[in-house]
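Q: So I've got this file, final08.txt, and it contains compact mmCIF, C-alpha atoms:
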# COMPACT_ATOMS: atom_id res chain seq x y z
CA MET A 1 19.19 -16.21 -6.23
CA THR A 2 15.71 -15.34 -4.98
CA THR A 3 12.67 -17.38 -5.91
CA SER A 4 9.37 -15.54 -6.32
CA ILE A 5 6.08 -17.16 -5.40
CA LEU A 6 5.15 -16.46 -9.01
CA ASP A 7 7.78 -19.03 -10.00
CA ILE A 8 6.20 -21.77 -7.87
CA SER A 9 4.17 -24.41 -9.67
CA ILE A 10 1.01 -25.31 -7.75
CA ASN A 11 0.03 -28.98 -7.96
CA HIS A 12 -3.18 -28.95 -5.89
CA HIS A 13 -5.78 -26.25 -5.18
CA LEU A 14 -7.85 -26.46 -2.01
CA ASP A 15 -10.71 -23.97 -1.56
CA THR A 16 -11.93 -24.05 2.04
CA GLN A 17 -13.58 -20.62 1.97
CA GLY A 18 -16.68 -20.54 4.16
CA LEU A 19 -15.58 -23.55 6.21
CA ILE A 20 -14.62 -23.31 9.87
CA CYS A 21 -12.23 -25.21 12.12
CA PRO A 22 -11.45 -28.08 11.92
CA GLU A 23 -12.61 -28.59 8.32
CA PRO A 24 -9.85 -26.63 6.48
CA VAL A 25 -7.08 -28.58 8.24
CA MET A 26 -8.92 -31.90 7.78
CA MET A 27 -9.22 -31.18 4.05
CA LEU A 28 -5.53 -30.22 3.89
CA HIS A 29 -4.62 -33.47 5.63
CA LYS A 30 -6.64 -35.46 3.07
CA THR A 31 -5.04 -33.58 0.16
CA ILE A 32 -1.53 -34.06 1.62
CA ARG A 33 -2.12 -37.84 1.78
CA LYS A 34 -2.92 -37.91 -1.95
CA ALA A 35 -0.06 -35.60 -2.96
CA ASP A 36 3.45 -36.67 -3.93
CA GLY A 37 6.47 -35.55 -1.94
CA GLY A 38 7.50 -32.05 -3.02
CA ASP A 39 4.03 -31.15 -4.36
CA ILE A 40 2.74 -27.65 -3.62
CA ILE A 41 -0.80 -27.27 -2.27
CA GLU A 42 -2.54 -23.90 -2.43
CA ILE A 43 -5.13 -23.37 0.28
CA LEU A 44 -7.69 -20.55 0.29
CA ALA A 45 -9.51 -20.04 3.58
CA THR A 46 -11.72 -17.49 5.32
CA ASP A 47 -11.47 -18.92 8.85
CA PRO A 48 -9.02 -16.79 10.90
CA ALA A 49 -8.11 -19.91 12.92
CA THR A 50 -6.19 -21.17 9.86
CA THR A 51 -3.54 -18.50 10.50
CA ARG A 52 -2.60 -20.57 13.54
CA ASP A 53 -3.72 -24.05 12.49
CA ILE A 54 -2.01 -24.38 9.09
CA PRO A 55 1.45 -23.26 10.28
CA ASN A 56 1.11 -25.65 13.28
CA PHE A 57 0.00 -28.47 10.96
CA CYS A 58 3.12 -27.95 8.84
CA ARG A 59 5.46 -27.68 11.83
CA HIS A 60 4.14 -30.81 13.55
CA LEU A 61 4.03 -32.99 10.43
CA GLY A 62 7.22 -31.77 8.77
CA HIS A 63 5.72 -30.05 5.74
CA THR A 64 6.95 -26.61 4.61
CA LEU A 65 4.80 -23.50 4.75
CA VAL A 66 6.22 -21.84 1.64
CA HIS A 67 4.00 -18.75 1.69
CA GLN A 68 1.22 -17.19 3.75
CA GLU A 69 -0.70 -14.02 2.92
CA THR A 70 -3.97 -12.23 3.55
CA LEU A 71 -5.92 -11.24 0.44
CA ASN A 72 -8.49 -8.42 0.38
CA GLU A 73 -10.55 -7.15 3.28
CA ALA A 74 -12.93 -10.13 3.49
CA PRO A 75 -10.37 -11.48 4.46
CA THR A 76 -9.25 -14.52 2.54
CA TYR A 77 -6.09 -16.27 3.67
CA ARG A 78 -3.83 -17.93 1.12
CA TYR A 79 -1.23 -20.56 1.95
CA LEU A 80 1.26 -22.53 -0.11
CA VAL A 81 2.33 -25.77 1.56
CA LYS A 82 5.02 -28.07 0.24
CA LYS A 83 4.59 -31.73 1.15
CA LYS A 84 7.66 -33.24 2.71
CA SER A 85 9.50 -35.81 0.65
CA ALA A 86 9.18 -39.38 1.82
As structure tokens, please, write out the structure in this file.

A:
Amino acid sequence: MTTSILDISINHHLDTQGLICPEPVMMLHKTIRKADGGDIIEILATDPATTRDIPNFCRHLGHTLVHQETLNEAPTYRYLVKKKSA
């Protein structure tokens, strides 16, 4: 059975558009602390450094990068991160 990203319930929305490194990751870290285990956080960013920083953040801290995509030509980057369960 395949799960579509359309079937994923987003618990937290984080708009970091216009912000540059390290602010998007710092804001994600703050949101992760407030989230419950298993919560999904959607992050919108315009900083190209997030294409490296957010996957590394997830890998190092044990969270799951559920989805990553580039929207439009601006570009805007969209991530779905699942907080690890305690």

Q: Got a sec: who's within 7 Å of Ala45 in chain A, counting all atoms listed in the file, leaving out chain neighbours fewer than 2 positions off, as a ChimeraX atom specification?

A: /A:15-17,43,47,76-78

Q: Pick out the closest residue to Asn72 in chain A from this set: A:Ile32, A:Thr46, A:Leu14, A:Phe57. Count all atoms listed in the file.

A: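 Among the listed residues, the smallest separation from Asn72 in chain A belongs to A:Thr46.
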
Q: Could the centre and edge lengths of an axis-aligned box, enclosing all atoms of range 32-43 of chain A in the file with 3 Å extra on each side, be given in Å to one decimal as lines of an AutoDock Vina configuration file?

A:
center_x = 1.2
center_y = -30.6
center_z = -1.3
size_x = 18.6
size_y = 20.5
size_z = 12.1

Q: Here's a test: counting all atoms listed in the file, identify every protein, DNA and RNA residue with an atom at most 8 Å from (-10.3, -22.5, 6.9) in the file's coordinate frame, and state them as a PyMOL selection string.

A: chain A and resi 16-25+44-50

Q: Which is closest to His13 in chain A among A:Ile54, A:Lys82, A:Thr64, A:Ile40, if we use only C-alpha atoms?

A: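 Residue with the minimum atom-to-atom distance to His13 in chain A: A:Ile40.
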
Q: Considering only C-alpha atoms, can you say which of A:Asn11, A:Ser85, A:Thr51, A:Asn56 comes closest to Gln68 in chain A?

A: A:Thr51

Q: I need every residue sitting at most 9 Å from the point (4.1, -32.1, 5.7) (coordinates as in the file, only C-alpha atoms considered), written as an NGL selection string.

A: :A and (29 or 32 or 37 or 57-65 or 81-85)

Q: Counting only C-alpha atoms, figure out which residue out of A:His67, A:Asp7, A:Pro55, A:His12 gets nearest to Lys34 in chain A.

A: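 When distances to Lys34 in chain A are compared using only C-alpha atoms, the smallest one comes from A:His12.
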
Q: Could you jot down the CA of Asp39 in chain A to CA of Tyr79 in chain A separation for me, Å, one decimal place?

A: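 Computed distance, CA of Asp39 in chain A to CA of Tyr79 in chain A, equals 13.4 Å.
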
Q: Using all atoms listed in the file for the distances, tell me which of A:Thr70, A:Pro75, A:Asp53, A:Leu80 is nearest to Gly38 in chain A.

A: A:Leu80

Q: For CA of Met26 in chain A and CA of Arg52 in chain A, quote the distance in Å rounded to one decimal.

A: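 Between CA of Met26 in chain A and CA of Arg52 in chain A the gap works out to 14.2 Å.
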
Q: Pick out the closest residue to Glu42 in chain A from this set: A:Ile10, A:Leu71, A:Ala86, A:Met27. Count only C-alpha atoms.

A: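 Closest candidate: A:Ile10.
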